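File shown here: entry-v9.tsv, holding TSV, C-alpha atoms.
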```tsv
chain	number	residue	atom	x	y	z
A	1405	MET	CA	36.57	26.96	13.11
A	1406	ILE	CA	34.14	26.44	16.01
A	1407	GLN	CA	31.26	27.10	13.60
A	1408	ALA	CA	32.50	24.34	11.28
A	1409	PHE	CA	32.60	21.80	14.13
A	1410	VAL	CA	29.16	22.88	15.33
A	1411	LEU	CA	27.89	22.37	11.78
A	1412	ILE	CA	29.40	18.87	11.58
A	1413	ALA	CA	27.91	17.98	14.97
A	1414	VAL	CA	24.49	19.23	13.83
A	1415	ALA	CA	24.71	17.27	10.55
A	1416	LEU	CA	25.66	14.08	12.40
A	1417	GLY	CA	22.85	14.63	14.92
A	1418	ILE	CA	20.20	15.05	12.23
A	1419	ALA	CA	21.60	12.18	10.14
A	1420	SER	CA	21.54	9.78	13.10
A	1421	THR	CA	18.00	10.87	14.08
A	1422	LEU	CA	16.81	10.19	10.54
A	1423	ALA	CA	18.71	6.89	10.31
A	1424	ILE	CA	17.08	5.67	13.54
A	1425	SER	CA	13.70	6.88	12.31
A	1426	ALA	CA	14.21	5.02	9.01
A	1427	VAL	CA	14.94	1.77	10.86
A	1428	GLN	CA	11.95	2.25	13.17
A	1429	LYS	CA	9.62	2.97	10.27
A	1430	THR	CA	10.82	0.17	7.97
A	1431	ARG	CA	7.86	-2.01	8.83
A	1432	GLN	CA	5.28	0.74	8.32
A	1433	ILE	CA	6.83	1.84	5.04
A	1434	GLY	CA	7.00	-1.78	3.87
A	1435	ILE	CA	3.30	-2.24	4.47
A	1436	LEU	CA	2.47	1.10	2.83
A	1437	LYS	CA	4.44	-0.09	-0.18
A	1438	ALA	CA	2.57	-3.41	-0.16
A	1439	ILE	CA	-0.70	-1.49	-0.46
A	1440	GLY	CA	0.64	0.59	-3.31
A	1441	MET	CA	2.88	3.41	-2.12
A	1442	GLY	CA	5.45	4.23	-4.80
A	1443	ASP	CA	9.21	4.56	-4.26
A	1444	GLY	CA	9.07	8.33	-4.77
A	1445	ALA	CA	6.44	8.83	-2.08
A	1446	ALA	CA	8.45	6.70	0.37
A	1447	ASN	CA	11.48	8.81	-0.44
A	1448	ARG	CA	9.60	12.03	0.26
A	1449	ILE	CA	8.62	10.90	3.80
A	1450	PHE	CA	12.21	11.37	4.95
A	1451	LEU	CA	12.78	14.51	2.92
A	1452	TRP	CA	9.75	16.05	4.62
A	1453	GLN	CA	10.85	14.81	8.01
A	1454	ALA	CA	14.31	16.30	7.43
A	1455	ALA	CA	12.84	19.58	6.20
A	1456	LEU	CA	10.60	19.81	9.27
A	1457	LEU	CA	13.48	18.96	11.60
A	1458	GLY	CA	15.70	21.48	9.83
A	1459	VAL	CA	13.14	24.30	9.92
A	1460	ALA	CA	12.01	23.58	13.49
A	1461	GLY	CA	15.60	23.22	14.70
A	1462	THR	CA	16.71	26.41	12.95
A	1463	LEU	CA	13.77	28.48	14.21
A	1464	GLY	CA	14.22	27.00	17.70
A	1465	GLY	CA	17.93	27.81	17.60
A	1466	ILE	CA	17.34	31.38	16.50
A	1467	ALA	CA	14.69	31.88	19.20
A	1468	LEU	CA	17.01	30.40	21.83
A	1469	GLY	CA	19.83	32.68	20.63
A	1470	PHE	CA	17.69	35.81	20.95
A	1471	GLY	CA	16.41	34.57	24.31
A	1472	LEU	CA	19.98	34.24	25.61
A	1473	ILE	CA	20.93	37.67	24.24
A	1474	ALA	CA	17.92	39.12	26.08
A	1475	LEU	CA	18.98	37.28	29.25
A	1476	PHE	CA	22.54	38.60	28.95
A	1477	GLY	CA	21.02	42.10	28.78
A	1478	VAL	CA	19.52	41.55	32.23
A	1479	VAL	CA	22.22	39.43	33.88
A	1480	PRO	CA	25.62	41.18	33.69
A	1481	VAL	CA	28.20	39.21	31.63
A	1482	PRO	CA	31.76	40.24	30.69
A	1483	PHE	CA	31.04	40.24	26.92
A	1484	SER	CA	28.50	41.67	24.47
A	1485	ILE	CA	26.76	40.04	21.51
A	1486	SER	CA	25.26	41.92	18.58
A	1487	PRO	CA	23.28	39.67	16.22
A	1488	GLU	CA	23.97	40.09	12.50
A	1489	PRO	CA	20.91	39.42	10.34
A	1490	THR	CA	23.05	38.20	7.40
A	1491	PHE	CA	24.84	35.65	9.57
A	1492	ILE	CA	21.57	34.46	11.09
A	1493	ALA	CA	20.04	34.02	7.62
A	1494	LEU	CA	23.15	32.18	6.36
A	1495	SER	CA	23.12	29.86	9.40
A	1496	ALA	CA	19.43	29.15	8.82
A	1497	VAL	CA	20.03	28.25	5.17
A	1498	ILE	CA	23.00	26.04	6.09
A	1499	GLY	CA	21.01	24.34	8.87
A	1500	ILE	CA	18.09	23.46	6.61
A	1501	THR	CA	20.37	22.40	3.73
A	1502	VAL	CA	22.42	20.15	6.00
A	1503	ALA	CA	19.18	18.58	7.33
A	1504	LEU	CA	17.98	17.88	3.79
A	1505	LEU	CA	21.35	16.42	2.76
A	1506	SER	CA	21.35	14.22	5.86
A	1507	SER	CA	18.08	12.67	4.70
A	1508	VAL	CA	19.48	11.44	1.38
A	1509	ILE	CA	20.85	8.11	2.64
A	1510	PRO	CA	17.77	7.01	4.71
A	1511	ALA	CA	15.46	8.26	1.95
A	1512	ARG	CA	17.30	6.23	-0.69
A	1513	SER	CA	17.40	3.06	1.38
A	1514	THR	CA	13.67	3.43	2.12
A	1515	SER	CA	12.76	4.02	-1.49
A	1516	ARG	CA	14.57	0.80	-2.46
A	1517	LEU	CA	12.86	-1.24	0.26
A	1518	ASP	CA	10.84	-4.16	-1.09
A	1519	PRO	CA	7.58	-4.80	0.79
A	1520	ILE	CA	8.29	-8.54	0.67
A	1521	GLU	CA	11.23	-8.00	3.08
A	1522	VAL	CA	8.80	-6.72	5.72
A	1523	ILE	CA	6.02	-9.24	5.02
A	1524	GLN	CA	8.36	-12.25	5.16
A	1525	ASN	CA	10.12	-11.10	8.30
A	1526	GLY	CA	6.85	-10.24	10.07
B	368	MET	CA	-16.96	-15.58	-15.98
B	369	ALA	CA	-13.83	-13.99	-17.41
B	370	ASP	CA	-10.43	-14.87	-15.97
B	371	LEU	CA	-9.33	-12.24	-13.51
B	372	LEU	CA	-6.05	-13.87	-12.67
B	373	VAL	CA	-3.82	-16.15	-14.70
B	374	ALA	CA	-0.79	-17.76	-13.08
B	375	ASP	CA	1.24	-19.19	-15.92
B	376	ALA	CA	4.09	-21.65	-15.23
B	377	LEU	CA	5.23	-19.76	-12.14
B	378	GLU	CA	8.63	-20.76	-10.89
B	379	LYS	CA	10.56	-19.26	-8.01
B	380	VAL	CA	14.12	-20.18	-7.18
B	381	TYR	CA	15.91	-18.79	-4.13
B	382	GLY	CA	19.70	-18.80	-4.04
B	383	GLU	CA	22.12	-19.94	-6.72
B	384	GLY	CA	24.15	-23.02	-7.66
B	385	ASP	CA	24.22	-25.81	-5.09
B	386	ALA	CA	22.34	-23.64	-2.59
B	387	ALA	CA	19.43	-23.01	-4.99
B	388	THR	CA	15.98	-23.92	-3.66
B	389	ARG	CA	13.04	-24.28	-6.03
B	390	ALA	CA	10.17	-22.93	-3.93
B	391	LEU	CA	7.72	-23.10	-6.84
B	392	LYS	CA	8.02	-25.51	-9.76
B	393	GLY	CA	5.92	-24.23	-12.62
B	394	VAL	CA	2.51	-23.55	-11.05
B	395	SER	CA	-0.36	-22.70	-13.42
B	396	PHE	CA	-4.02	-21.94	-12.72
B	397	THR	CA	-6.66	-19.33	-13.41
B	398	VAL	CA	-9.11	-17.56	-11.12
B	399	ALA	CA	-12.37	-16.19	-12.49
B	400	GLU	CA	-13.93	-12.89	-11.41
B	401	GLY	CA	-16.10	-13.40	-8.30
B	402	GLU	CA	-14.54	-16.68	-7.14
B	403	PHE	CA	-14.09	-17.52	-3.46
B	404	ALA	CA	-11.10	-19.83	-3.43
B	405	SER	CA	-8.33	-20.99	-1.14
B	406	ILE	CA	-4.75	-22.12	-1.51
B	407	VAL	CA	-3.97	-24.79	1.04
B	408	GLY	CA	-0.65	-26.37	1.95
B	409	GLN	CA	1.69	-27.24	4.78
B	410	SER	CA	4.23	-24.77	6.10
B	411	GLY	CA	7.06	-24.55	3.55
B	412	SER	CA	4.93	-25.92	0.71
B	413	GLY	CA	5.34	-22.73	-1.33
B	414	LYS	CA	1.82	-21.36	-0.82
B	415	SER	CA	2.94	-18.00	0.59
B	416	THR	CA	5.57	-17.68	-2.16
B	417	LEU	CA	2.76	-18.22	-4.64
B	418	LEU	CA	0.63	-15.55	-2.95
B	419	ASN	CA	3.55	-13.11	-2.97
B	420	LEU	CA	3.99	-13.62	-6.71
B	421	ILE	CA	0.28	-13.24	-7.44
B	422	GLY	CA	0.17	-10.18	-5.19
B	423	LEU	CA	3.07	-8.61	-7.09
B	424	LEU	CA	5.06	-8.40	-3.88
B	425	ASP	CA	7.75	-10.57	-5.47
B	426	THR	CA	8.76	-11.44	-9.01
B	427	PRO	CA	8.90	-14.98	-10.44
B	428	THR	CA	12.15	-16.52	-11.65
B	429	SER	CA	10.18	-17.59	-14.71
B	430	GLY	CA	6.54	-17.65	-15.77
B	431	GLN	CA	4.06	-14.80	-15.67
B	432	VAL	CA	1.09	-13.38	-13.78
B	433	LEU	CA	-1.74	-11.82	-15.76
B	434	PHE	CA	-4.14	-9.66	-13.78
B	435	GLY	CA	-7.23	-8.35	-15.54
B	436	GLY	CA	-5.59	-9.28	-18.84
B	437	GLU	CA	-2.44	-7.26	-18.09
B	438	ASN	CA	0.90	-9.04	-17.97
B	439	THR	CA	2.14	-7.79	-14.61
B	440	THR	CA	5.47	-9.59	-14.88
B	441	ALA	CA	6.50	-7.09	-17.53
B	442	LEU	CA	5.75	-4.14	-15.24
B	443	GLY	CA	8.39	-2.15	-13.39
B	444	ARG	CA	8.24	-1.22	-9.70
B	445	LYS	CA	5.97	1.76	-10.37
B	446	GLY	CA	3.53	-0.28	-12.45
B	447	ARG	CA	3.40	-3.03	-9.83
B	448	SER	CA	2.70	-0.46	-7.09
B	449	ARG	CA	-0.18	0.92	-9.17
B	450	VAL	CA	-1.75	-2.53	-9.66
B	451	ARG	CA	-1.33	-3.32	-5.95
B	452	ASN	CA	-3.00	-0.04	-5.03
B	453	GLU	CA	-5.86	-0.15	-7.52
B	454	GLY	CA	-6.53	-3.80	-8.20
B	455	LEU	CA	-5.46	-5.78	-5.15
B	456	GLY	CA	-6.30	-5.82	-1.47
B	457	PHE	CA	-4.15	-7.61	1.09
B	458	VAL	CA	-5.07	-9.13	4.43
B	459	PHE	CA	-2.17	-10.65	6.30
B	460	GLN	CA	-1.98	-12.76	9.44
B	461	PHE	CA	-0.73	-9.67	11.26
B	462	HIS	CA	-2.92	-6.60	10.73
B	463	TYR	CA	-0.04	-4.21	9.93
B	464	LEU	CA	-2.09	-1.16	10.88
B	465	LEU	CA	-0.17	2.05	11.43
B	466	PRO	CA	-0.31	2.48	15.22
B	467	GLU	CA	0.09	6.27	15.21
B	468	PHE	CA	-3.01	6.72	13.05
B	469	SER	CA	-6.74	6.53	13.74
B	470	VAL	CA	-9.09	3.85	12.44
B	471	TRP	CA	-10.36	6.31	9.81
B	472	GLU	CA	-6.84	7.23	8.67
B	473	ASN	CA	-5.82	3.56	8.43
B	474	LEU	CA	-8.97	2.73	6.53
B	475	THR	CA	-8.52	5.49	3.98
B	476	MET	CA	-4.76	4.98	3.62
B	477	PRO	CA	-4.98	3.37	0.12
B	478	ALA	CA	-6.74	6.49	-1.24
B	479	GLN	CA	-4.19	8.75	0.45
B	480	ILE	CA	-1.34	6.69	-0.99
B	481	ALA	CA	-2.83	7.15	-4.44
B	482	GLY	CA	-2.44	10.89	-3.79
B	483	ARG	CA	-6.13	11.64	-3.74
B	484	THR	CA	-8.11	13.71	-1.31
B	485	LEU	CA	-11.16	11.66	-0.36
B	486	SER	CA	-14.14	12.30	-2.60
B	487	ALA	CA	-17.66	12.36	-1.15
B	488	LYS	CA	-18.20	8.94	-2.74
B	489	GLU	CA	-15.07	7.56	-1.05
B	490	ARG	CA	-16.13	9.01	2.30
B	491	ASP	CA	-19.51	7.29	1.92
B	492	ARG	CA	-17.73	4.08	0.98
B	493	ALA	CA	-15.51	4.31	4.06
B	494	LEU	CA	-18.59	4.77	6.25
B	495	GLU	CA	-20.30	1.84	4.51
B	496	THR	CA	-17.20	-0.27	5.05
B	497	LEU	CA	-17.12	0.61	8.75
B	498	ALA	CA	-20.77	-0.40	9.03
B	499	LEU	CA	-20.16	-3.64	7.12
B	500	LEU	CA	-17.33	-4.49	9.50
B	501	GLY	CA	-19.24	-3.51	12.63
B	502	LEU	CA	-16.80	-0.72	13.45
B	503	GLU	CA	-19.18	2.25	13.54
B	504	GLY	CA	-18.24	4.87	16.10
B	505	LEU	CA	-14.60	3.78	16.27
B	506	GLU	CA	-13.37	6.07	13.46
B	507	LYS	CA	-11.49	8.43	15.75
B	508	LYS	CA	-9.98	5.75	17.95
B	509	ASN	CA	-6.29	5.15	17.65
B	510	ALA	CA	-5.44	1.83	15.98
B	511	ASN	CA	-3.53	0.59	19.02
B	512	GLN	CA	-6.58	1.11	21.27
B	513	LEU	CA	-8.49	-1.66	19.44
B	514	SER	CA	-8.80	-5.36	20.27
B	515	GLY	CA	-7.11	-7.97	18.04
B	516	GLY	CA	-10.34	-8.79	16.24
B	517	GLN	CA	-11.15	-5.11	15.66
B	518	LYS	CA	-7.66	-4.46	14.29
B	519	GLN	CA	-8.01	-7.31	11.82
B	520	ARG	CA	-11.42	-5.97	10.74
B	521	VAL	CA	-9.87	-2.54	10.11
B	522	ALA	CA	-7.16	-4.27	8.04
B	523	ILE	CA	-9.92	-5.97	6.02
B	524	GLY	CA	-11.62	-2.61	5.59
B	525	ARG	CA	-8.37	-1.09	4.37
B	526	ALA	CA	-8.06	-3.92	1.83
B	527	LEU	CA	-11.61	-3.19	0.67
B	528	MET	CA	-11.41	0.59	0.48
B	529	ASN	CA	-10.27	0.88	-3.12
B	530	ARG	CA	-12.84	-1.77	-4.07
B	531	PRO	CA	-10.11	-4.06	-5.44
B	532	ARG	CA	-11.07	-6.82	-7.84
B	533	LEU	CA	-9.06	-9.38	-5.89
B	534	ILE	CA	-8.41	-9.77	-2.17
B	535	LEU	CA	-5.44	-11.90	-1.19
B	536	ALA	CA	-5.55	-13.11	2.38
B	537	ASP	CA	-2.56	-14.91	3.91
B	538	GLU	CA	-3.61	-16.82	7.04
B	539	PRO	CA	-5.94	-13.91	7.86
B	540	THR	CA	-7.27	-15.43	11.07
B	541	GLY	CA	-4.01	-16.96	12.29
B	542	ASN	CA	-3.88	-14.59	15.27
B	543	LEU	CA	-7.58	-14.64	16.11
B	544	ASP	CA	-9.73	-16.72	18.44
B	545	THR	CA	-12.52	-19.01	17.17
B	546	ALA	CA	-15.29	-16.42	17.48
B	547	ASN	CA	-13.34	-13.73	15.61
B	548	THR	CA	-12.24	-16.29	12.99
B	549	ALA	CA	-15.86	-17.13	12.24
B	550	THR	CA	-16.74	-13.41	12.03
B	551	VAL	CA	-13.92	-12.75	9.56
B	552	TYR	CA	-14.96	-15.59	7.22
B	553	GLU	CA	-18.60	-14.51	7.41
B	554	LEU	CA	-17.45	-11.02	6.41
B	555	PHE	CA	-15.39	-12.36	3.51
B	556	ARG	CA	-18.43	-14.29	2.29
B	557	ARG	CA	-20.70	-11.26	2.57
B	558	ILE	CA	-18.24	-9.03	0.72
B	559	ASN	CA	-17.86	-11.68	-1.97
B	560	ALA	CA	-21.63	-11.93	-2.36
B	561	GLU	CA	-22.54	-8.24	-1.98
B	562	VAL	CA	-19.59	-6.50	-3.63
B	563	GLY	CA	-18.51	-9.29	-5.99
B	564	THR	CA	-14.88	-9.14	-4.86
B	565	THR	CA	-12.81	-12.20	-5.75
B	566	PHE	CA	-11.08	-13.87	-2.79
B	567	LEU	CA	-7.99	-16.04	-2.66
B	568	ILE	CA	-7.26	-17.20	0.86
B	569	VAL	CA	-4.00	-18.88	1.77
B	570	THR	CA	-4.20	-21.23	4.72
B	571	HIS	CA	-2.59	-24.31	6.21
B	572	ASP	CA	-5.90	-25.19	7.84
B	573	ARG	CA	-8.09	-27.58	5.84
B	574	ALA	CA	-11.14	-26.68	7.92
B	575	VAL	CA	-10.77	-23.07	6.75
B	576	ALA	CA	-10.23	-24.16	3.14
B	577	GLN	CA	-13.40	-26.25	3.33
B	578	GLN	CA	-15.37	-23.02	3.75
B	579	THR	CA	-14.32	-21.82	0.29
B	580	ASP	CA	-15.78	-22.83	-3.09
B	581	ARG	CA	-12.54	-24.05	-4.60
B	582	ILE	CA	-9.41	-25.51	-3.05
B	583	LEU	CA	-6.00	-25.35	-4.68
B	584	GLU	CA	-3.46	-27.52	-2.88
B	585	VAL	CA	0.24	-26.77	-3.07
B	586	ARG	CA	2.78	-29.38	-2.02
B	587	ASP	CA	6.56	-29.13	-2.42
B	588	GLY	CA	6.20	-26.19	-4.78
B	589	GLU	CA	3.71	-27.88	-7.08
B	590	LEU	CA	-0.03	-27.54	-7.53
B	591	VAL	CA	-1.18	-31.07	-6.71
B	592	GLN	CA	-4.92	-30.55	-6.49
B	593	ASP	CA	-7.50	-28.09	-7.80
B	594	VAL	CA	-11.00	-29.09	-6.75
B	595	ARG	CA	-14.41	-27.48	-6.51
B	596	ASN	CA	-15.66	-27.77	-2.99
B	597	ASP	CA	-19.17	-29.19	-2.72
B	598	TYR	CA	-19.27	-29.19	1.06
B	599	VAL	CA	-19.97	-25.50	1.54
```
Translate the structure described by the file into C-alpha cells.
Amino acid sequence: MIQAFVLIAVALGIASTLAISAVQKTRQIGILKAIGMGDGAANRIFLWQAALLGVAGTLGGIALGFGLIALFGVVPVPFSISPEPTFIALSAVIGITVALLSSVIPARSTSRLDPIEVIQNG
Amino acid sequence: MADLLVADALEKVYGEGDAATRALKGVSFTVAEGEFASIVGQSGSGKSTLLNLIGLLDTPTSGQVLFGGENTTALGRKGRSRVRNEGLGFVFQFHYLLPEFSVWENLTMPAQIAGRTLSAKERDRALETLALLGLEGLEKKNANQLSGGQKQRVAIGRALMNRPRLILADEPTGNLDTANTATVYELFRRINAEVGTTFLIVTHDRAVAQQTDRILEVRDGELVQDVRNDYV
C-alpha cells in the first residue's frame, strides 16, 4: 500500500517537473521548429529528459537506499533491512517506466506546437 | 533570373463569421533568385502575416506559395519543416538564440536539427560565417554573455549556416542602435553580393526599405506598390 502511494507521488513529481519544463522551453522549441525541427524531434526532447530523470532518480534512490542501510549498520536501530535484488530491479523498472509515461502529455503538446505561436507572442 | 518565390493570390482570414478579419486580401508577387527586396507597411498592414506565410510558419486561407518551383501549400508539417530547414533562413527582431548554448552551438543548430554531425565543409563554413560576421574568437562564449548587436549577428549567422536560398528578416534591427543597424544592413548586402542569397526584409521603416533594390508596400492587407528602388 505504502509502495503504491510512493509510486503515485513519484509519478506526479516527475510529471509536474516535465510540465514546468515544457512551459519554460516553449519559446526555445518554437524557434527550433521555425528553423526546421520536426515534430518527432521536439517530442523526443521530453522523452529523453524523462528517461534521464528516471534513470538518474532511480540510480540515486538505489544509492541512497544502500547508503542508509550501511548507516543503519553503524548506528544501532530497532529494525533490520535486507535488500532484495529482485525488488530493487522491479522498482527501477517501474521508476523509469513511470518517468517515461509522465512525459507523454508534455511531449505531445510540444510536438503539436506551431512556431508561429511563439513568433507572434514574442 | 528564375523565380525563387511565387506568392499567388495569398489570403489570410483570422476568426470566423462576424468576427472574421481579412489580414491579407489576395496578395501576388514573385521574387527572383538573388534579389534584395523589402516589404514595407505600417503596423497591422499585414506585412508580418505575409512573411509568416512565405516563411511557411503559417498556412494561407487560400492561395499558394511556390518556393523553388515546389508548391509548399500542399506540403504537410514535415515537408514544411524540411523546406524551412534547408531552403529558408529567418532573422527576427528578437534574436531567439538558445541562452544555454554557446555561440558555436547556436550557429550550427540548423545542421544539428537536420540530424547531421557537422562535416568538415560545414565546420569551415561555420568558421567563415563567424569571420564574415566579425565574431571570431567568440565561439565558446555563452549566448547570453554577448551584447545585443553580437546576439543579432549570431542569429544572422544561424540563418546563413545552411546556405538557404532565401533569408526572411522581420524587423531585424528593431532592437538595435544606429551603429549596429548599419552593420547588419552592410552584412546583408555583403552576403547578398558574395553568397548570392536572396533577401526579403520586412520593415515599417521607409529609410530601411530605401536601402533595398525593390520595395513592396502592403497596406490594409493588399499589395499597393511594387517598385524598383533607384536610390540605392
Inset, instruction - Check every residue of chain B for an atom within 7 Å of chain A, counting all atoms listed in the file, and provide those that qualify as a list in words. - result: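 Selected residues: Leu424, Asp425, Lys445, Ser448, Arg449, Arg451, Asn452, Tyr463, Leu465, Pro477 and Ile480 of chain B.
Compared by their closest atoms to Gln460 (chain B), and using all atoms listed in the file, the residues B:Ser415, B:Ser395, B:Asn529, B:Gln577 rank with B:Ser415 nearest.
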Inset, instruction - Would you kindly return, as a ChimeraX atom specification, each protein, DNA or RNA residue with an atom no farther than 6 Å from any atom of Leu567 (chain B), considering only C-alpha atoms and excluding same-chain residues fewer than 4 positions away? - result: /B:404-405,535
Inset, instruction - Name the closest residue to Leu1494 (chain A) among the candidates A:Ile1509, A:Val1481, A:Ile1466, A:Ile1449; distances are taken between atoms, counting all atoms listed in the file. - result: A:Ile1466
Legend entry - Local residues around (-13.6, -20.6, 2.7), at most 12 Å away, using all atoms listed in the file, as a PyMOL selection string: chain B and resi 402-407+536+538-540+548-549+551-557+559+565-570+572-583+595-599
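The spacing separating CA of Ala1496 (chain A) from CA of Val1479 (chain A) amounts to 27.2 Å.
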Legend entry - Interatomic distance, CA of Leu1411 (chain A) to CA of Ala1511 (chain A) (Å, one decimal):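 Rounded to one decimal, the two atoms are 21.2 Å apart.
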Inset, instruction - One decimal, Å: what's the distance from CA of Ala390 (chain B) over to CA of Gly443 (chain B), could you say? - result: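 Going from CA of Ala390 (chain B) over to CA of Gly443 (chain B) covers 22.9 Å.
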Inset, instruction - Pick out the residues sitting within 6 Å of region 1454-1462 of chain A, and hand them over as a list in words; count only C-alpha atoms, and ignore anything fewer than 4 positions along from it in its own chain. - result: Phe1450, Ala1496, Ile1500, Ala1503, Leu1504 and Ser1507 of chain A
Inset, instruction - Might you pull out every residue within 10 Å of Ser1513 (chain A), with only C-alpha atoms counted and same-chain residues fewer than 3 positions away left off, and present them as a ChimeraX atom specification? - result: /A:1423,1426-1427,1430,1446-1447,1508-1510,1516-1517
Inset, instruction - Show which residues sit within 12 Å of Glu1488 (chain A), as a VMD selection string. Count all atoms listed in the file, and ignore same-chain residues fewer than 3 positions away. - result: chain A and resid 1466 1469 to 1470 1485 1491 to 1495
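Candidate residues A:Leu1468, A:Gly1499, A:Ser1506, A:Val1522 were compared for distance to Gln1407 (chain A), and the nearest is A:Gly1499, using only C-alpha atoms.
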Legend entry - Spatial neighbours of Glu383 (chain B), max dist 12 Å, only C-alpha atoms, sep filter under 5 positions, as an MDAnalysis selection string: chainID B and resid 388:389 428
Using only C-alpha atoms, please write the residues we just selected to a file, as an mmCIF file, keeping the file's coordinate frame.
```
data_model
loop_
_atom_site.group_PDB
_atom_site.id
_atom_site.type_symbol
_atom_site.label_atom_id
_atom_site.label_comp_id
_atom_site.auth_asym_id
_atom_site.auth_seq_id
_atom_site.Cartn_x
_atom_site.Cartn_y
_atom_site.Cartn_z
ATOM 1 C CA THR B 388 15.980 -23.920 -3.660
ATOM 2 C CA ARG B 389 13.040 -24.280 -6.030
ATOM 3 C CA THR B 428 12.150 -16.520 -11.650
#
```
Legend entry - Answer as a ChimeraX atom specification, residues within 10 Å of (-5.4, -4.4, 11.4) using all atoms listed in the file: /B:458-466,470,473-474,510-511,513-526
